[in-house]
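S.K.: final.cif is reproduced below (mmCIF, C-alpha atoms).
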data_run
#
loop_
_atom_site.label_atom_id
_atom_site.label_comp_id
_atom_site.auth_asym_id
_atom_site.auth_seq_id
_atom_site.Cartn_x
_atom_site.Cartn_y
_atom_site.Cartn_z
CA MET A 1 29.15 69.04 -32.73
CA TYR A 2 30.45 66.41 -35.12
CA PRO A 3 28.89 62.95 -34.72
CA GLY A 4 32.28 61.76 -33.45
CA GLY A 5 32.00 64.12 -30.51
CA THR A 6 34.46 66.80 -31.61
CA TYR A 7 33.40 70.44 -31.57
CA THR A 8 33.82 72.36 -34.79
CA ASP A 9 34.04 75.91 -33.41
CA THR A 10 33.91 77.92 -30.21
CA ASP A 11 30.35 79.10 -30.90
CA GLU A 12 29.20 75.59 -29.98
CA VAL A 13 30.83 75.55 -26.55
CA LYS A 14 31.45 78.12 -23.80
CA ILE A 15 35.00 77.97 -22.46
CA SER A 16 35.98 79.43 -19.10
CA ILE A 17 39.55 79.76 -17.84
CA ARG A 18 40.43 79.94 -14.15
CA LEU A 19 43.29 79.23 -11.76
CA ILE A 20 43.67 75.56 -10.87
CA LYS A 21 42.45 74.26 -7.50
CA LYS A 22 43.30 71.06 -5.63
CA THR A 23 39.82 69.81 -6.45
CA ASP A 24 40.84 69.83 -10.14
CA TYR A 25 43.64 67.29 -9.67
CA GLU A 26 41.61 64.21 -10.62
CA ALA A 27 40.35 65.92 -13.78
CA VAL A 28 43.93 66.87 -14.67
CA PHE A 29 45.05 63.28 -14.13
CA SER A 30 42.25 61.97 -16.32
CA LEU A 31 43.42 64.24 -19.16
CA ALA A 32 47.11 63.44 -18.79
CA TRP A 33 47.33 60.07 -17.01
CA ASN A 34 50.07 58.99 -19.42
CA LEU A 35 52.06 62.21 -19.02
CA ILE A 36 51.97 63.12 -15.34
CA SER A 37 51.73 61.24 -12.05
CA HIS A 38 50.06 62.24 -8.79
CA GLU A 39 53.54 62.76 -7.33
CA ASP A 40 54.52 65.03 -10.25
CA LEU A 41 51.47 67.22 -9.77
CA ASP A 42 51.97 67.40 -6.01
CA ALA A 43 55.61 68.43 -6.57
CA LEU A 44 54.53 71.20 -8.95
CA ASN A 45 52.08 72.38 -6.27
CA PRO A 46 49.41 74.02 -8.45
CA GLY A 47 47.52 76.61 -6.46
CA SER A 48 50.61 77.75 -4.52
CA PRO A 49 51.71 81.42 -4.59
CA THR A 50 54.27 80.61 -7.31
CA SER A 51 51.74 78.72 -9.41
CA LEU A 52 50.54 80.11 -12.73
CA CYS A 53 48.52 76.97 -13.52
CA PHE A 54 45.09 77.35 -15.10
CA VAL A 55 42.30 75.01 -16.18
CA ALA A 56 39.85 75.36 -19.05
CA GLU A 57 36.27 74.30 -18.37
CA ALA A 58 33.55 73.45 -20.87
CA ASP A 59 30.31 71.54 -20.54
CA GLY A 60 30.79 71.49 -16.75
CA ARG A 61 34.15 69.72 -16.77
CA VAL A 62 37.87 70.41 -17.06
CA VAL A 63 38.90 70.01 -20.71
CA GLY A 64 42.40 71.50 -20.57
CA PHE A 65 45.12 72.78 -18.30
CA ASN A 66 48.58 74.25 -18.22
CA LEU A 67 51.42 73.77 -15.79
CA ALA A 68 53.41 76.96 -15.24
CA HIS A 69 55.29 78.55 -12.37
CA LEU A 70 57.13 81.64 -11.27
CA LEU A 71 60.86 81.04 -11.01
CA HIS A 72 63.86 83.18 -10.19
CA VAL A 73 66.68 82.31 -12.60
CA GLY A 74 70.16 83.45 -13.56
CA ILE A 75 72.62 85.82 -11.99
CA PRO A 76 71.50 88.47 -11.41
CA LEU A 77 68.18 86.82 -10.58
CA SER A 78 65.31 87.48 -12.95
CA LYS A 79 61.68 86.71 -12.23
CA ILE A 80 60.19 84.65 -15.08
CA CYS A 81 57.27 82.34 -15.72
CA VAL A 82 58.15 78.89 -17.05
CA ILE A 83 55.45 76.92 -18.84
CA GLN A 84 56.15 73.22 -18.34
CA GLY A 85 53.22 71.95 -20.36
CA ILE A 86 49.74 72.37 -21.73
CA VAL A 87 47.10 69.69 -22.39
CA VAL A 88 43.70 69.94 -24.09
CA HIS A 89 41.24 67.06 -24.42
CA ASP A 90 41.18 65.66 -27.97
CA ASP A 91 37.50 66.56 -28.50
CA TYR A 92 38.18 70.22 -27.63
CA ARG A 93 41.32 70.85 -29.66
CA ARG A 94 41.55 73.51 -32.35
CA LEU A 95 39.03 75.73 -30.54
CA GLY A 96 41.59 78.19 -29.18
CA ILE A 97 41.61 76.68 -25.69
CA GLY A 98 45.40 76.36 -25.60
CA GLU A 99 45.69 79.98 -26.67
CA LYS A 100 43.22 81.06 -23.96
CA LEU A 101 45.24 79.18 -21.33
CA ILE A 102 48.44 80.93 -22.45
CA GLU A 103 46.70 84.32 -22.56
CA ALA A 104 45.59 83.76 -18.95
CA ILE A 105 49.24 83.17 -18.03
CA PHE A 106 50.26 86.38 -19.80
CA ALA A 107 47.59 88.39 -17.94
CA LYS A 108 48.60 86.94 -14.56
CA CYS A 109 52.26 87.68 -15.31
CA VAL A 110 51.44 91.31 -16.07
CA ASP A 111 49.53 91.54 -12.76
CA CYS A 112 52.52 90.01 -10.90
CA GLY A 113 55.20 92.10 -12.62
CA ILE A 114 56.70 89.13 -14.46
CA GLY A 115 58.18 90.38 -17.74
CA THR A 116 59.26 87.11 -19.36
CA VAL A 117 57.40 83.90 -20.10
CA ARG A 118 59.47 80.89 -21.13
CA ALA A 119 57.88 77.86 -22.81
CA LEU A 120 59.72 74.55 -22.58
CA VAL A 121 59.36 72.82 -25.95
CA GLU A 122 60.93 69.55 -27.04
CA GLU A 123 63.32 70.04 -29.95
CA ASN A 124 61.46 67.54 -32.15
CA ASP A 125 57.88 68.70 -31.33
CA VAL A 126 57.20 70.67 -34.50
CA ARG A 127 53.49 71.13 -33.76
CA LEU A 128 54.18 72.69 -30.36
CA GLN A 129 56.95 74.85 -31.85
CA GLN A 130 54.48 76.18 -34.42
CA PHE A 131 51.96 76.89 -31.65
CA VAL A 132 54.39 78.91 -29.52
CA ASP A 133 55.68 80.72 -32.62
CA TYR A 134 52.07 81.67 -33.41
CA LEU A 135 51.70 83.06 -29.87
CA GLY A 136 54.75 85.29 -30.33
CA PHE A 137 57.40 83.28 -28.51
CA GLN A 138 60.92 83.35 -29.94
CA ARG A 139 63.90 81.12 -29.34
CA SER A 140 65.72 82.33 -26.26
CA ALA A 141 69.35 83.32 -26.07
CA VAL A 142 69.54 80.90 -23.13
CA SER A 143 70.65 77.38 -24.00
CA ASN A 144 69.44 74.53 -21.87
CA TYR A 145 71.92 71.79 -20.96
CA ASP A 146 70.83 68.58 -19.26
CA LYS A 147 72.88 65.85 -17.63
CA ALA A 148 71.23 62.60 -16.67
CA ILE A 149 72.50 61.65 -13.22
CA TYR A 150 70.58 58.40 -12.84
CA GLY A 151 68.47 55.97 -14.85
#
Go ahead and render the structure in this file as structure tokens.
M.R.:
Amino acid sequence: MYPGGTYTDTDEVKISIRLIKKTDYEAVFSLAWNLISHEDLDALNPGSPTSLCFVAEADGRVVGFNLAHLLHVGIPLSKICVIQGIVVHDDYRRLGIGEKLIEAIFAKCVDCGIGTVRALVEENDVRLQQFVDYLGFQRSAVSNYDKAIYG
């Protein structure tokens, strides 16, 4: 480990990936307190039958997570997984944890018969775009249109 506390490679730390549990909520909030509220997480309902949310553990604590869910979209309806976000603690970045979280989603989707995984990526987030490109995602033929109805 670097003196600053950042790991240099995965040989230095054992990472385990598992489905999220309600008991993980506080750890998730501590990683993303500025990105997600308690109400947001409750609304996403990690751990429900439609949840494809995973956590990454290292050194006995949660160091990363993803928020993803099964949705039925379009007409005719198609079953897809939508990844709303992924967070990894600063000290554990660049160790492949994000990739392991996404691979866990892919494996669960195969088990559930879900043939498409959609990642929601902000248009100006170049780093995240490069990450999903690296993982084999491609721009979808589906365009997303938003309309702010309040605020």
S.K.: Might you pull out every residue within 12 Å of segment 28-35 of chain A, with only C-alpha atoms counted and same-chain residues fewer than 5 positions away left off, and present them as a VMD selection string?
M.R.: chain A and resid 20 to 23 40 to 42 46 53 to 57 61 to 67 84 to 92
S.K.: Find the distance between atom CA of Gln130 of chain A and atom CA of Thr50 of chain A and write it in Å to one decimal.
M.R.: 27.5 Å
S.K.: Using all atoms listed in the file, which protein or nucleic acid residues come within 12 Å of Tyr134 of chain A? Drop anything in the same chain fewer than 4 positions from it, and give the result as JSON, numbers by chain.
M.R.: {"A": [96, 98, 99, 102, 127, 128, 129, 130, 138]}
S.K.: Interatomic distance between atom CA of Ser140 of chain A and atom CA of Cys109 of chain A?
M.R.: 18.2 Å
S.K.: Just the number, please: distance in Å from atom CA of Tyr25 of chain A to atom CA of Ile97 of chain A, one decimal.
M.R.: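 Computed distance, atom CA of Tyr25 of chain A to atom CA of Ile97 of chain A, equals 18.7 Å.
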S.K.: If you apply the PyMOL selection byres ((chain A and resi 144) around 12) to this file, what residues do you get, as JSON, numbers by chain?
M.R.: {"A": [118, 120, 121, 122, 123, 139, 140, 141, 142, 143, 145, 146, 147]}
S.K.: Save N, CA and C atoms of segment 3-49 of chain A from the block above as an mmCIF file, in the first residue's frame.
M.R.:
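The result, written out as result00.cif:
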data_model
loop_
_atom_site.group_PDB
_atom_site.id
_atom_site.type_symbol
_atom_site.label_atom_id
_atom_site.label_comp_id
_atom_site.auth_asym_id
_atom_site.auth_seq_id
_atom_site.Cartn_x
_atom_site.Cartn_y
_atom_site.Cartn_z
ATOM 1 N N PRO A 3 2.027 4.983 1.011
ATOM 2 C CA PRO A 3 1.910 5.673 2.301
ATOM 3 C C PRO A 3 0.626 6.487 2.423
ATOM 4 N N GLY A 4 0.108 6.967 1.314
ATOM 5 C CA GLY A 4 -1.120 7.756 1.335
ATOM 6 C C GLY A 4 -2.368 6.921 1.541
ATOM 7 N N GLY A 5 -2.218 5.608 1.577
ATOM 8 C CA GLY A 5 -3.352 4.747 1.855
ATOM 9 C C GLY A 5 -3.995 4.128 0.627
ATOM 10 N N THR A 6 -3.462 4.373 -0.548
ATOM 11 C CA THR A 6 -4.057 3.854 -1.770
ATOM 12 C C THR A 6 -3.351 2.569 -2.189
ATOM 13 N N TYR A 7 -4.128 1.533 -2.482
ATOM 14 C CA TYR A 7 -3.545 0.283 -2.945
ATOM 15 C C TYR A 7 -2.981 0.462 -4.342
ATOM 16 N N THR A 8 -1.938 -0.311 -4.636
ATOM 17 C CA THR A 8 -1.303 -0.213 -5.944
ATOM 18 C C THR A 8 -1.722 -1.332 -6.882
ATOM 19 N N ASP A 9 -2.138 -2.484 -6.348
ATOM 20 C CA ASP A 9 -2.634 -3.551 -7.210
ATOM 21 C C ASP A 9 -3.491 -4.516 -6.402
ATOM 22 N N THR A 10 -4.198 -5.380 -7.127
ATOM 23 C CA THR A 10 -5.148 -6.280 -6.476
ATOM 24 C C THR A 10 -4.463 -7.377 -5.680
ATOM 25 N N ASP A 11 -3.167 -7.608 -5.884
ATOM 26 C CA ASP A 11 -2.464 -8.608 -5.085
ATOM 27 C C ASP A 11 -2.388 -8.189 -3.622
ATOM 28 N N GLU A 12 -2.509 -6.895 -3.359
ATOM 29 C CA GLU A 12 -2.399 -6.386 -1.998
ATOM 30 C C GLU A 12 -3.711 -6.472 -1.229
ATOM 31 N N VAL A 13 -4.813 -6.686 -1.898
ATOM 32 C CA VAL A 13 -6.110 -6.674 -1.243
ATOM 33 C C VAL A 13 -7.027 -7.717 -1.881
ATOM 34 N N LYS A 14 -7.777 -8.440 -1.041
ATOM 35 C CA LYS A 14 -8.743 -9.424 -1.541
ATOM 36 C C LYS A 14 -10.096 -8.738 -1.654
ATOM 37 N N ILE A 15 -10.660 -8.791 -2.831
ATOM 38 C CA ILE A 15 -11.955 -8.167 -3.111
ATOM 39 C C ILE A 15 -13.005 -9.264 -3.231
ATOM 40 N N SER A 16 -14.132 -9.088 -2.558
ATOM 41 C CA SER A 16 -15.257 -10.002 -2.751
ATOM 42 C C SER A 16 -16.475 -9.188 -3.185
ATOM 43 N N ILE A 17 -17.246 -9.763 -4.079
ATOM 44 C CA ILE A 17 -18.439 -9.125 -4.630
ATOM 45 C C ILE A 17 -19.642 -9.964 -4.224
ATOM 46 N N ARG A 18 -20.690 -9.293 -3.728
ATOM 47 C CA ARG A 18 -21.915 -10.002 -3.354
ATOM 48 C C ARG A 18 -23.111 -9.077 -3.535
ATOM 49 N N LEU A 19 -24.302 -9.681 -3.541
ATOM 50 C CA LEU A 19 -25.525 -8.885 -3.619
ATOM 51 C C LEU A 19 -25.640 -7.989 -2.387
ATOM 52 N N ILE A 20 -26.190 -6.813 -2.578
ATOM 53 C CA ILE A 20 -26.360 -5.856 -1.487
ATOM 54 C C ILE A 20 -27.422 -6.357 -0.511
ATOM 55 N N LYS A 21 -27.267 -5.979 0.754
ATOM 56 C CA LYS A 21 -28.251 -6.280 1.798
ATOM 57 C C LYS A 21 -28.609 -4.968 2.491
ATOM 58 N N LYS A 22 -29.748 -4.961 3.158
ATOM 59 C CA LYS A 22 -30.162 -3.752 3.897
ATOM 60 C C LYS A 22 -29.102 -3.321 4.898
ATOM 61 N N THR A 23 -28.382 -4.268 5.461
ATOM 62 C CA THR A 23 -27.348 -3.932 6.440
ATOM 63 C C THR A 23 -26.166 -3.195 5.809
ATOM 64 N N ASP A 24 -26.114 -3.141 4.482
ATOM 65 C CA ASP A 24 -25.048 -2.412 3.783
ATOM 66 C C ASP A 24 -25.380 -0.944 3.568
ATOM 67 N N TYR A 25 -26.613 -0.537 3.834
ATOM 68 C CA TYR A 25 -27.054 0.813 3.496
ATOM 69 C C TYR A 25 -26.149 1.893 4.078
ATOM 70 N N GLU A 26 -25.792 1.800 5.343
ATOM 71 C CA GLU A 26 -24.973 2.854 5.954
ATOM 72 C C GLU A 26 -23.609 2.941 5.290
ATOM 73 N N ALA A 27 -23.036 1.796 4.930
ATOM 74 C CA ALA A 27 -21.752 1.795 4.224
ATOM 75 C C ALA A 27 -21.892 2.436 2.851
ATOM 76 N N VAL A 28 -22.997 2.166 2.177
ATOM 77 C CA VAL A 28 -23.255 2.789 0.867
ATOM 78 C C VAL A 28 -23.384 4.300 1.036
ATOM 79 N N PHE A 29 -24.113 4.735 2.043
ATOM 80 C CA PHE A 29 -24.259 6.178 2.279
ATOM 81 C C PHE A 29 -22.918 6.820 2.584
ATOM 82 N N SER A 30 -22.074 6.140 3.334
ATOM 83 C CA SER A 30 -20.784 6.742 3.671
ATOM 84 C C SER A 30 -19.906 6.904 2.440
ATOM 85 N N LEU A 31 -20.072 6.038 1.438
ATOM 86 C CA LEU A 31 -19.306 6.159 0.192
ATOM 87 C C LEU A 31 -19.875 7.225 -0.738
ATOM 88 N N ALA A 32 -21.167 7.453 -0.663
ATOM 89 C CA ALA A 32 -21.828 8.316 -1.650
ATOM 90 C C ALA A 32 -22.746 9.328 -1.003
ATOM 91 N N TRP A 33 -22.415 9.814 0.164
ATOM 92 C CA TRP A 33 -23.273 10.747 0.906
ATOM 93 C C TRP A 33 -23.624 11.979 0.089
ATOM 94 N N ASN A 34 -22.744 12.381 -0.819
ATOM 95 C CA ASN A 34 -23.002 13.568 -1.632
ATOM 96 C C ASN A 34 -23.725 13.241 -2.936
ATOM 97 N N LEU A 35 -23.995 11.974 -3.177
ATOM 98 C CA LEU A 35 -24.618 11.557 -4.434
ATOM 99 C C LEU A 35 -26.006 10.948 -4.265
ATOM 100 N N ILE A 36 -26.266 10.384 -3.088
ATOM 101 C CA ILE A 36 -27.508 9.649 -2.891
ATOM 102 C C ILE A 36 -28.012 9.876 -1.467
ATOM 103 N N SER A 37 -29.321 9.965 -1.330
ATOM 104 C CA SER A 37 -29.917 10.159 -0.007
ATOM 105 C C SER A 37 -30.493 8.831 0.495
ATOM 106 N N HIS A 38 -30.851 8.793 1.771
ATOM 107 C CA HIS A 38 -31.516 7.613 2.320
ATOM 108 C C HIS A 38 -32.806 7.333 1.552
ATOM 109 N N GLU A 39 -33.537 8.390 1.227
ATOM 110 C CA GLU A 39 -34.804 8.231 0.496
ATOM 111 C C GLU A 39 -34.557 7.652 -0.902
ATOM 112 N N ASP A 40 -33.474 8.113 -1.558
ATOM 113 C CA ASP A 40 -33.145 7.589 -2.888
ATOM 114 C C ASP A 40 -32.890 6.087 -2.821
ATOM 115 N N LEU A 41 -32.082 5.686 -1.856
ATOM 116 C CA LEU A 41 -31.736 4.271 -1.749
ATOM 117 C C LEU A 41 -32.964 3.439 -1.400
ATOM 118 N N ASP A 42 -33.794 3.927 -0.499
ATOM 119 C CA ASP A 42 -35.028 3.212 -0.174
ATOM 120 C C ASP A 42 -35.919 3.054 -1.408
ATOM 121 N N ALA A 43 -36.005 4.108 -2.225
ATOM 122 C CA ALA A 43 -36.832 4.057 -3.438
ATOM 123 C C ALA A 43 -36.294 3.044 -4.442
ATOM 124 N N LEU A 44 -34.965 2.919 -4.515
ATOM 125 C CA LEU A 44 -34.361 1.948 -5.433
ATOM 126 C C LEU A 44 -34.516 0.521 -4.936
ATOM 127 N N ASN A 45 -34.728 0.370 -3.612
ATOM 128 C CA ASN A 45 -35.032 -0.912 -2.993
ATOM 129 C C ASN A 45 -34.006 -2.009 -3.299
ATOM 130 N N PRO A 46 -32.722 -1.737 -3.043
ATOM 131 C CA PRO A 46 -31.724 -2.802 -3.229
ATOM 132 C C PRO A 46 -32.084 -4.022 -2.390
ATOM 133 N N GLY A 47 -31.879 -5.179 -2.948
ATOM 134 C CA GLY A 47 -32.226 -6.418 -2.257
ATOM 135 C C GLY A 47 -33.579 -6.966 -2.670
ATOM 136 N N SER A 48 -34.371 -6.179 -3.412
ATOM 137 C CA SER A 48 -35.677 -6.647 -3.885
ATOM 138 C C SER A 48 -35.480 -7.624 -5.047
ATOM 139 N N PRO A 49 -36.533 -8.329 -5.454
ATOM 140 C CA PRO A 49 -36.398 -9.279 -6.576
ATOM 141 C C PRO A 49 -35.948 -8.631 -7.888
#
